[in-house]
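J.: One file: query22.pdb (PDB, C-alpha atoms).
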```
MODEL        1
ATOM      1  CA  MET A  22      45.297 -20.194  15.640
ATOM      2  CA  GLN A  23      48.625 -18.413  15.485
ATOM      3  CA  ARG A  24      48.632 -14.808  14.254
ATOM      4  CA  ALA A  25      51.330 -12.726  12.601
ATOM      5  CA  ALA A  26      51.054  -8.990  11.976
ATOM      6  CA  VAL A  27      52.114  -6.848   9.034
ATOM      7  CA  ILE A  28      52.259  -3.112   9.771
ATOM      8  CA  LEU A  29      52.340  -0.854   6.700
ATOM      9  CA  ALA A  30      54.721   2.020   7.474
ATOM     10  CA  ALA A  31      56.428   2.797   4.155
ATOM     11  CA  GLY A  32      54.523   5.898   3.051
ATOM     12  CA  LYS A  33      55.587   9.526   3.063
ATOM     13  CA  GLY A  34      52.229  11.095   3.852
ATOM     14  CA  THR A  35      52.048  13.630   1.030
ATOM     15  CA  ARG A  36      49.309  15.700   2.685
ATOM     16  CA  MET A  37      51.310  16.288   5.859
ATOM     17  CA  PRO A  38      53.433  19.490   5.775
ATOM     18  CA  SER A  39      56.594  17.608   6.700
ATOM     19  CA  ASP A  40      59.357  15.528   5.167
ATOM     20  CA  ILE A  41      59.281  12.838   7.854
ATOM     21  CA  PRO A  42      57.436   9.535   7.273
ATOM     22  CA  LYS A  43      53.749   9.784   8.106
ATOM     23  CA  VAL A  44      53.922   7.180  10.883
ATOM     24  CA  MET A  45      56.602   9.236  12.649
ATOM     25  CA  HIS A  46      54.200  12.047  13.531
ATOM     26  CA  LYS A  47      53.650  12.015  17.261
ATOM     27  CA  ILE A  48      50.702  11.345  19.535
ATOM     28  CA  GLY A  49      51.389  11.756  23.245
ATOM     29  CA  GLY A  50      55.048  12.433  22.526
ATOM     30  CA  ARG A  51      55.604   9.138  20.682
ATOM     31  CA  PRO A  52      55.475   8.312  16.951
ATOM     32  CA  MET A  53      52.144   6.841  15.872
ATOM     33  CA  VAL A  54      53.742   3.597  14.731
ATOM     34  CA  LEU A  55      54.917   2.851  18.285
ATOM     35  CA  HIS A  56      51.328   3.018  19.537
ATOM     36  CA  VAL A  57      50.282   0.570  16.807
ATOM     37  CA  ILE A  58      53.120  -1.821  17.697
ATOM     38  CA  ASP A  59      52.175  -1.712  21.380
ATOM     39  CA  THR A  60      48.598  -2.639  20.474
ATOM     40  CA  ILE A  61      49.308  -5.422  17.997
ATOM     41  CA  ARG A  62      51.855  -7.055  20.324
ATOM     42  CA  ARG A  63      48.985  -7.895  22.664
ATOM     43  CA  VAL A  64      47.124 -10.024  20.118
ATOM     44  CA  CYS A  65      49.726 -11.458  17.720
ATOM     45  CA  ASP A  66      52.094 -14.229  18.746
ATOM     46  CA  GLY A  67      53.526 -15.163  15.332
ATOM     47  CA  GLY A  68      55.825 -12.213  14.733
ATOM     48  CA  ILE A  69      55.445  -8.570  13.715
ATOM     49  CA  TYR A  70      56.663  -7.439  10.306
ATOM     50  CA  ILE A  71      56.983  -3.691   9.737
ATOM     51  CA  VAL A  72      57.089  -2.643   6.084
ATOM     52  CA  VAL A  73      59.295   0.441   5.730
ATOM     53  CA  GLY A  74      60.217   2.487   2.693
ATOM     54  CA  TYR A  75      60.292   6.282   2.699
ATOM     55  CA  MET A  76      63.077   7.390   5.084
ATOM     56  CA  ALA A  77      63.085   3.849   6.456
ATOM     57  CA  GLU A  78      66.027   4.550   8.747
ATOM     58  CA  GLN A  79      63.933   6.979  10.807
ATOM     59  CA  VAL A  80      61.218   4.400  11.445
ATOM     60  CA  VAL A  81      63.710   1.634  12.219
ATOM     61  CA  GLU A  82      65.623   3.865  14.633
ATOM     62  CA  ALA A  83      62.452   4.971  16.431
ATOM     63  CA  VAL A  84      61.303   1.384  16.944
ATOM     64  CA  GLU A  85      64.723   0.099  18.014
ATOM     65  CA  GLN A  86      65.270   2.974  20.436
ATOM     66  CA  ASP A  87      61.815   2.938  22.000
ATOM     67  CA  THR A  88      62.707   2.812  25.675
ATOM     68  CA  SER A  89      59.126   2.220  26.812
ATOM     69  CA  ARG A  90      58.995  -1.153  25.069
ATOM     70  CA  PRO A  91      62.304  -2.168  23.465
ATOM     71  CA  VAL A  92      62.337  -4.036  20.174
ATOM     72  CA  ASP A  93      62.791  -7.797  20.437
ATOM     73  CA  GLY A  94      63.223 -10.770  18.158
ATOM     74  CA  ALA A  95      59.500 -10.811  17.398
ATOM     75  CA  VAL A  96      59.815  -7.621  15.312
ATOM     76  CA  GLU A  97      61.314  -7.694  11.815
ATOM     77  CA  PHE A  98      61.669  -4.920   9.248
ATOM     78  CA  VAL A  99      60.762  -5.551   5.610
ATOM     79  CA  TYR A 100      61.823  -3.046   2.955
ATOM     80  CA  GLN A 101      59.597  -1.757   0.161
ATOM     81  CA  HIS A 102      62.128   0.000  -2.048
ATOM     82  CA  GLU A 103      59.491   1.233  -4.506
ATOM     83  CA  GLN A 104      56.152   2.397  -3.130
ATOM     84  CA  LEU A 105      53.818   0.658  -5.580
ATOM     85  CA  GLY A 106      50.783   0.338  -3.340
ATOM     86  CA  THR A 107      49.503  -1.566  -0.332
ATOM     87  CA  GLY A 108      49.317  -4.881  -2.171
ATOM     88  CA  HIS A 109      52.935  -4.527  -3.247
ATOM     89  CA  ALA A 110      53.910  -3.658   0.344
ATOM     90  CA  VAL A 111      52.378  -6.839   1.745
ATOM     91  CA  LEU A 112      53.912  -8.886  -1.067
ATOM     92  CA  GLN A 113      57.352  -7.884   0.221
ATOM     93  CA  CYS A 114      56.601 -10.016   3.301
ATOM     94  CA  LYS A 115      56.138 -13.233   1.325
ATOM     95  CA  ASN A 116      59.595 -14.591   2.045
ATOM     96  CA  ALA A 117      59.550 -13.513   5.686
ATOM     97  CA  LEU A 118      56.272 -15.394   6.183
ATOM     98  CA  LYS A 119      57.173 -18.465   4.127
ATOM     99  CA  ASP A 120      57.279 -20.756   7.185
ATOM    100  CA  PHE A 121      54.305 -19.194   8.951
ATOM    101  CA  ASP A 122      50.951 -20.983   8.996
ATOM    102  CA  GLY A 123      47.986 -19.105  10.398
ATOM    103  CA  THR A 124      46.229 -15.748  10.246
ATOM    104  CA  VAL A 125      48.029 -12.665   8.940
ATOM    105  CA  VAL A 126      46.693  -9.405  10.404
ATOM    106  CA  VAL A 127      47.466  -6.416   8.172
ATOM    107  CA  LEU A 128      47.062  -2.863   9.426
ATOM    108  CA  ASN A 129      48.354   0.626   8.801
ATOM    109  CA  GLY A 130      50.933   2.316  10.994
ATOM    110  CA  ASP A 131      48.824   5.483  11.337
ATOM    111  CA  VAL A 132      45.923   4.182  13.463
ATOM    112  CA  PRO A 133      47.049   4.901  17.046
ATOM    113  CA  GLY A 134      43.445   4.845  18.305
ATOM    114  CA  LEU A 135      42.930   1.171  17.478
ATOM    115  CA  ARG A 136      42.359  -0.989  20.569
ATOM    116  CA  ALA A 137      43.737  -4.478  21.131
ATOM    117  CA  GLU A 138      40.255  -5.614  22.201
ATOM    118  CA  THR A 139      38.853  -4.619  18.805
ATOM    119  CA  ILE A 140      41.574  -6.505  16.943
ATOM    120  CA  GLU A 141      41.012  -9.555  19.150
ATOM    121  CA  GLU A 142      37.267  -9.524  18.484
ATOM    122  CA  PHE A 143      37.832  -8.960  14.775
ATOM    123  CA  ALA A 144      40.426 -11.719  14.417
ATOM    124  CA  GLY A 145      38.275 -14.053  16.480
ATOM    125  CA  TYR A 146      35.379 -13.467  14.082
ATOM    126  CA  HIS A 147      37.669 -14.179  11.107
ATOM    127  CA  ASP A 148      38.849 -17.453  12.650
ATOM    128  CA  ALA A 149      35.341 -18.533  13.641
ATOM    129  CA  GLU A 150      34.079 -17.888  10.111
ATOM    130  CA  LYS A 151      37.017 -19.863   8.664
ATOM    131  CA  ALA A 152      37.338 -17.018   6.181
ATOM    132  CA  ALA A 153      40.013 -16.612   3.540
ATOM    133  CA  ALA A 154      39.892 -12.872   4.184
ATOM    134  CA  THR A 155      38.028 -10.490   6.470
ATOM    135  CA  VAL A 156      38.042  -6.687   6.416
ATOM    136  CA  LEU A 157      37.246  -4.405   9.332
ATOM    137  CA  THR A 158      34.735  -1.785   8.209
ATOM    138  CA  ALA A 159      33.058   1.282   9.691
ATOM    139  CA  LYS A 160      30.004   3.408   8.961
ATOM    140  CA  VAL A 161      30.810   7.116   8.549
ATOM    141  CA  ARG A 162      28.820  10.232   7.752
ATOM    142  CA  ASN A 163      31.368  11.485   5.235
ATOM    143  CA  PRO A 164      33.066   8.597   3.394
ATOM    144  CA  LYS A 165      35.123  10.858   1.113
ATOM    145  CA  GLY A 166      38.655   9.556   0.655
ATOM    146  CA  TYR A 167      37.941   6.011   1.791
ATOM    147  CA  GLY A 168      37.552   2.752  -0.087
ATOM    148  CA  ARG A 169      33.896   1.687  -0.202
ATOM    149  CA  ILE A 170      32.541  -1.708   0.863
ATOM    150  CA  VAL A 171      30.461  -3.150  -1.962
ATOM    151  CA  ARG A 172      27.924  -5.792  -0.979
ATOM    152  CA  GLY A 173      25.641  -7.952  -3.082
ATOM    153  CA  GLU A 174      21.854  -8.198  -2.871
ATOM    154  CA  ASP A 175      22.241 -10.657   0.002
ATOM    155  CA  LYS A 176      24.496  -8.148   1.830
ATOM    156  CA  ALA A 177      27.477 -10.456   1.329
ATOM    157  CA  LEU A 178      30.820  -8.750   0.762
ATOM    158  CA  MET A 179      31.741  -8.619  -2.928
ATOM    159  CA  LYS A 180      34.664  -6.237  -3.228
ATOM    160  CA  ILE A 181      36.276  -3.024  -2.031
ATOM    161  CA  VAL A 182      36.453  -0.092  -4.423
ATOM    162  CA  GLU A 183      38.943   2.745  -3.900
ATOM    163  CA  GLU A 184      37.367   6.172  -4.199
ATOM    164  CA  LYS A 185      39.337   7.161  -7.313
ATOM    165  CA  ASP A 186      37.971   4.072  -9.068
ATOM    166  CA  ALA A 187      34.420   4.259  -7.666
ATOM    167  CA  SER A 188      31.290   4.991  -9.680
ATOM    168  CA  GLU A 189      28.960   7.765  -8.545
ATOM    169  CA  ALA A 190      26.664   5.155  -6.975
ATOM    170  CA  GLU A 191      29.552   3.513  -5.129
ATOM    171  CA  LYS A 192      30.735   6.871  -3.783
ATOM    172  CA  LYS A 193      27.403   7.166  -1.940
ATOM    173  CA  ILE A 194      28.124   4.018   0.123
ATOM    174  CA  ASP A 195      28.770   4.976   3.750
ATOM    175  CA  GLU A 196      30.485   1.727   4.819
ATOM    176  CA  ILE A 197      34.226   2.140   4.397
ATOM    177  CA  ASN A 198      37.389   0.088   4.515
ATOM    178  CA  SER A 199      39.360   0.744   7.711
ATOM    179  CA  GLY A 200      42.580  -0.691   6.278
ATOM    180  CA  LEU A 201      42.633  -3.540   8.810
ATOM    181  CA  PHE A 202      42.478  -7.074   7.385
ATOM    182  CA  CYS A 203      42.804 -10.673   8.449
ATOM    183  CA  PHE A 204      43.969 -13.188   5.855
ATOM    184  CA  ASP A 205      44.471 -16.909   5.807
ATOM    185  CA  LYS A 206      48.164 -16.912   4.915
ATOM    186  CA  SER A 207      47.681 -19.870   2.574
ATOM    187  CA  GLU A 208      45.315 -17.731   0.467
ATOM    188  CA  LEU A 209      46.938 -14.297   0.742
ATOM    189  CA  PHE A 210      49.974 -14.403  -1.519
ATOM    190  CA  GLY A 211      48.340 -16.435  -4.275
ATOM    191  CA  ALA A 212      45.571 -13.866  -4.483
ATOM    192  CA  LEU A 213      48.070 -10.999  -4.416
ATOM    193  CA  SER A 214      49.821 -12.464  -7.440
ATOM    194  CA  SER A 215      46.513 -12.173  -9.338
ATOM    195  CA  THR A 216      46.203  -8.407  -8.812
ATOM    196  CA  ASP A 217      47.407  -5.740 -11.234
ATOM    197  CA  ARG A 218      47.871  -1.968 -11.462
ATOM    198  CA  ASP A 219      45.000  -1.306 -13.847
ATOM    199  CA  ASN A 220      43.471   1.454 -11.724
ATOM    200  CA  ALA A 221      43.462   5.232 -11.279
ATOM    201  CA  GLN A 222      46.550   5.252  -9.053
ATOM    202  CA  ASN A 223      48.567   2.701 -11.031
ATOM    203  CA  GLU A 224      49.207   0.744  -7.823
ATOM    204  CA  TYR A 225      48.765  -2.781  -6.528
ATOM    205  CA  TYR A 226      45.823  -2.547  -4.118
ATOM    206  CA  LEU A 227      45.621  -4.895  -1.158
ATOM    207  CA  THR A 228      41.871  -4.337  -1.314
ATOM    208  CA  ASP A 229      41.751  -6.118  -4.695
ATOM    209  CA  VAL A 230      42.521  -9.378  -2.881
ATOM    210  CA  ILE A 231      38.960  -9.335  -1.541
ATOM    211  CA  GLY A 232      37.512  -9.295  -5.056
ATOM    212  CA  VAL A 233      39.946 -11.966  -6.283
ATOM    213  CA  LEU A 234      39.065 -14.340  -3.467
ATOM    214  CA  SER A 235      35.349 -13.633  -3.833
ATOM    215  CA  GLN A 236      35.478 -14.451  -7.552
ATOM    216  CA  GLN A 237      37.289 -17.678  -6.705
ATOM    217  CA  GLY A 238      34.398 -18.667  -4.474
ATOM    218  CA  LYS A 239      36.426 -18.291  -1.280
ATOM    219  CA  ARG A 240      34.838 -17.155   1.947
ATOM    220  CA  VAL A 241      35.286 -13.386   2.482
ATOM    221  CA  ARG A 242      33.744 -11.495   5.362
ATOM    222  CA  ALA A 243      33.350  -7.972   6.768
ATOM    223  CA  PHE A 244      33.263  -6.989  10.432
ATOM    224  CA  CYS A 245      31.906  -3.526  11.298
ATOM    225  CA  VAL A 246      33.472  -1.641  14.216
ATOM    226  CA  ASP A 247      31.161   0.329  16.521
ATOM    227  CA  ASP A 248      33.150   3.587  16.707
ATOM    228  CA  ALA A 249      34.672   4.726  13.422
ATOM    229  CA  ARG A 250      37.016   7.112  15.251
ATOM    230  CA  GLU A 251      38.944   4.133  16.572
ATOM    231  CA  VAL A 252      40.120   3.190  13.075
ATOM    232  CA  SER A 253      40.663   6.723  11.785
ATOM    233  CA  GLY A 254      43.930   7.004   9.926
ATOM    234  CA  VAL A 255      46.018  10.168   9.811
ATOM    235  CA  ASN A 256      46.650  11.882   6.475
ATOM    236  CA  THR A 257      46.481  15.553   7.464
ATOM    237  CA  VAL A 258      47.349  17.784  10.415
ATOM    238  CA  GLU A 259      43.620  18.114  11.140
ATOM    239  CA  GLU A 260      43.200  14.335  11.283
ATOM    240  CA  LEU A 261      46.215  14.064  13.580
ATOM    241  CA  GLU A 262      44.613  16.518  15.973
ATOM    242  CA  ALA A 263      41.253  14.684  15.788
ATOM    243  CA  VAL A 264      42.914  11.393  16.731
ATOM    244  CA  ARG A 265      44.780  13.130  19.536
ATOM    245  CA  ARG A 266      41.487  14.454  20.946
ATOM    246  CA  PHE A 267      39.879  11.011  20.616
ATOM    247  CA  LEU A 268      42.702   9.377  22.564
ATOM    248  CA  GLU A 269      42.453  12.053  25.225
ATOM    249  CA  GLY A 270      38.810  11.102  25.684
ATOM    250  CA  SER A 271      37.148  14.169  24.158
ATOM    251  CA  SER A 272      34.766  14.057  21.220
ATOM    252  CA  GLU A 273      35.181  16.010  18.044
TER     253      GLU A 273
ENDMDL
END
```
Would you encode the structure as structure tokens?

T.:
Amino acid sequence: MQRAAVILAAGKGTRMPSDIPKVMHKIGGRPMVLHVIDTIRRVCDGGIYIVVGYMAEQVVEAVEQDTSRPVDGAVEFVYQHEQLGTGHAVLQCKNALKDFDGTVVVLNGDVPGLRAETIEEFAGYHDAEKAAATVLTAKVRNPKGYGRIVRGEDKALMKIVEEKDASEAEKKIDEINSGLFCFDKSELFGALSSTDRDNAQNEYYLTDVIGVLSQQGKRVRAFCVDDAREVSGVNTVEELEAVRRFLEGSSE
């Protein structure tokens, strides 16, 4: 099955002491987003769509001027002029993907540790399950700050709850949302149109698509990665350094 990728790279990164877009912070001398593009190129053959917003020109310039792997026709920039959440960001790709039929892989631009082999295994599981949506999860000792994976009595995935909207019981769940998803494109945008901003952050959450599809009786799945460090995003200087150490082969 053909795969297209949507990379979310529109955010500022409010907890980083810098005015540059979060995905422009460097690992190994290159912006994080370039590492993510390198990885996703190896597993997606249906185009790569990079959602840009805050200081978009910096991200576009970095990608277009990347001498190690120049931009080609398979990469397209999509603009999110108002940052109204991850769901809203993906919705901006609706027109760009109107003629695409297959699996849409959505990931953040701040996960430079993610391996192509993990994405391939994850997407393969999604396809084999014939799922409408699948989320990559991880088990962590300290889940603070992450969306929690809520399962039913039969362990089936029910929904994802963002921490600011989570109950005290849900905050104790140690299985978290990595921010990496696979969607059947035919299901994705219809479900997105059913989401709203009735939440603590007043944003359209991409994670709400899981609950929408589950309530519709569609097949939703979760795939747990072995090493949570691989899917660690970067929101602070400390997290940037932790990812740098992980990529250099040393443990925290």

J.: Smallest atom-to-atom distance to A:Tyr70: which of A:Val127, A:Ile181, A:Ile48, A:Met22, using only C-alpha atoms?

T.: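 Under the stated criterion, the closest residue is A:Val127.
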
J.: Please provide as a PyMOL selection string all residues within 12 Å of stretch 174-179 of chain A, with the sequence filter that same-chain residues fewer than 5 positions apart are discarded (counting all atoms listed in the file).

T.: chain A and resi 152+154-158+169+196-198+228-245

J.: Could you give me, as a VMD selection string, the residues within 9 Å of A:Met45, counting all atoms listed in the file and dropping anything in the same chain fewer than 5 positions from it?

T.: chain A and resid 51 to 55 79 to 80 83 131

J.: Could you work out how far atom CA of A:Gln86 lies from atom CA of A:Gly108, giving the answer in Å with one decimal?

T.: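 About the pair atom CA of A:Gly108 and atom CA of A:Gln86: they are 28.8 Å apart.
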
J.: Under the rule of at most 10 Å, produce a per-residue listing of stretch 77-156 of chain A near stretch 27-43 of chain A: chain, number, name, the closest pair of atoms, and the distance in Å, as a tab-separated table, using all atoms listed in the file.

T.:
```
residue	atom	partner	partner_atom	distance
A:Ala77	CA	A:Ala31	CA	7.1
A:Gln79	CA	A:Pro42	CA	7.8
A:Val80	CA	A:Pro42	CA	7.6
A:Val96	CA	A:Val27	CA	10.0
A:Glu97	CA	A:Val27	CA	9.6
A:Phe98	CA	A:Ile28	CA	9.6
A:Val99	CA	A:Val27	CA	9.4
A:Tyr100	CA	A:Ala31	CA	8.0
A:Gln101	CA	A:Ala31	CA	6.8
A:His102	CA	A:Ala31	CA	8.9
A:Glu103	CA	A:Ala31	CA	9.3
A:Gln104	CA	A:Gly32	CA	7.3
A:Gly106	CA	A:Gly32	CA	9.3
A:Thr107	CA	A:Leu29	CA	7.6
A:Ala110	CA	A:Leu29	CA	7.1
A:Val111	CA	A:Val27	CA	7.3
A:Cys114	CA	A:Val27	CA	7.9
A:Leu118	CA	A:Val27	CA	9.9
A:Val125	CA	A:Val27	CA	7.1
A:Val126	CA	A:Val27	CA	6.1
A:Val127	CA	A:Val27	CA	4.7
A:Leu128	CA	A:Ile28	CA	5.2
A:Asn129	CA	A:Leu29	CA	4.7
A:Gly130	CA	A:Ala30	CA	5.2
A:Asp131	CA	A:Lys43	CA	7.3
```

J.: Applying 8 Å and all atoms listed in the file, which residues near A:Lys206 remain after dropping the ones on its own chain fewer than 2 positions away? List them as number ranges by chain.

T.: A: 121-125, 204, 208-210

J.: Convert the output of the PyMOL selection byres ((chain A and resi 133) around 10) on the shown file into explicit residues, formatted as a ChimeraX atom specification.

T.: /A:44,47-48,52-60,129-132,134-136,251-255,261,264-265,268

J.: Just give me the gap between atom CA of A:Asn223 and atom CA of A:Gly168 in Å, one decimal is fine.

T.: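 About the pair atom CA of A:Asn223 and atom CA of A:Gly168: they are 15.5 Å apart.
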
J.: Give me, please, the distance in Å between atom CA of A:Arg250 and atom CA of A:Lys165, quoted to one decimal.

T.: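 These atoms are spaced 14.7 Å apart.
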
J.: Using the chain letters and numbers from the file, which residues does the PyMOL selection byres ((chain A and resi 193) around 12) grab, as a JSON list (two decimals) with C-alpha atoms, in the coordinates of the input?

T.:
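Saved file expr-v2.json follows:
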```
[["chain", "number", "residue", "atom", "x", "y", "z"],
["A", 160, "LYS", "CA", 30.00, 3.41, 8.96],
["A", 161, "VAL", "CA", 30.81, 7.12, 8.55],
["A", 162, "ARG", "CA", 28.82, 10.23, 7.75],
["A", 163, "ASN", "CA", 31.37, 11.48, 5.24],
["A", 164, "PRO", "CA", 33.07, 8.60, 3.39],
["A", 165, "LYS", "CA", 35.12, 10.86, 1.11],
["A", 166, "GLY", "CA", 38.66, 9.56, 0.66],
["A", 167, "TYR", "CA", 37.94, 6.01, 1.79],
["A", 168, "GLY", "CA", 37.55, 2.75, -0.09],
["A", 169, "ARG", "CA", 33.90, 1.69, -0.20],
["A", 170, "ILE", "CA", 32.54, -1.71, 0.86],
["A", 171, "VAL", "CA", 30.46, -3.15, -1.96],
["A", 182, "VAL", "CA", 36.45, -0.09, -4.42],
["A", 184, "GLU", "CA", 37.37, 6.17, -4.20],
["A", 187, "ALA", "CA", 34.42, 4.26, -7.67],
["A", 188, "SER", "CA", 31.29, 4.99, -9.68],
["A", 189, "GLU", "CA", 28.96, 7.76, -8.54],
["A", 190, "ALA", "CA", 26.66, 5.16, -6.98],
["A", 191, "GLU", "CA", 29.55, 3.51, -5.13],
["A", 192, "LYS", "CA", 30.74, 6.87, -3.78],
["A", 194, "ILE", "CA", 28.12, 4.02, 0.12],
["A", 195, "ASP", "CA", 28.77, 4.98, 3.75],
["A", 196, "GLU", "CA", 30.48, 1.73, 4.82],
["A", 197, "ILE", "CA", 34.23, 2.14, 4.40]]
```

J.: Which residue, A:His109, A:Lys180, A:His46, A:Arg63, has the smallest gap to A:Tyr226 when you use all atoms listed in the file?

T.: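 For A:Tyr226, the nearest of the given residues is A:His109.
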
J.: Could you expand the PyMOL selection byres ((chain A and resi 68) around 9) into the explicit residues it covers here, written as a list of chain:residue names?

T.: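 After applying the PyMOL selection byres ((chain A and resi 68) around 9), what remains is A:Arg24, A:Ala25, A:Ala26, A:Val27, A:Arg62, A:Cys65, A:Asp66, A:Gly67, A:Ile69, A:Tyr70, A:Gly94, A:Ala95, A:Val96, A:Glu97.
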
J.: Near A:Val64, within 9 Å and counting only C-alpha atoms, which residues show up once chain neighbours fewer than 6 positions away are dropped, as an mmCIF file with C-alpha atoms, in the frame of the given file?

T.:
```cif
data_model
loop_
_atom_site.group_PDB
_atom_site.id
_atom_site.type_symbol
_atom_site.label_atom_id
_atom_site.label_comp_id
_atom_site.auth_asym_id
_atom_site.auth_seq_id
_atom_site.Cartn_x
_atom_site.Cartn_y
_atom_site.Cartn_z
ATOM 1 C CA ARG A 24 48.632 -14.808 14.254
ATOM 2 C CA ALA A 137 43.737 -4.478 21.131
ATOM 3 C CA GLU A 138 40.255 -5.614 22.201
ATOM 4 C CA ILE A 140 41.574 -6.505 16.943
ATOM 5 C CA GLU A 141 41.012 -9.555 19.150
ATOM 6 C CA ALA A 144 40.426 -11.719 14.417
#
```
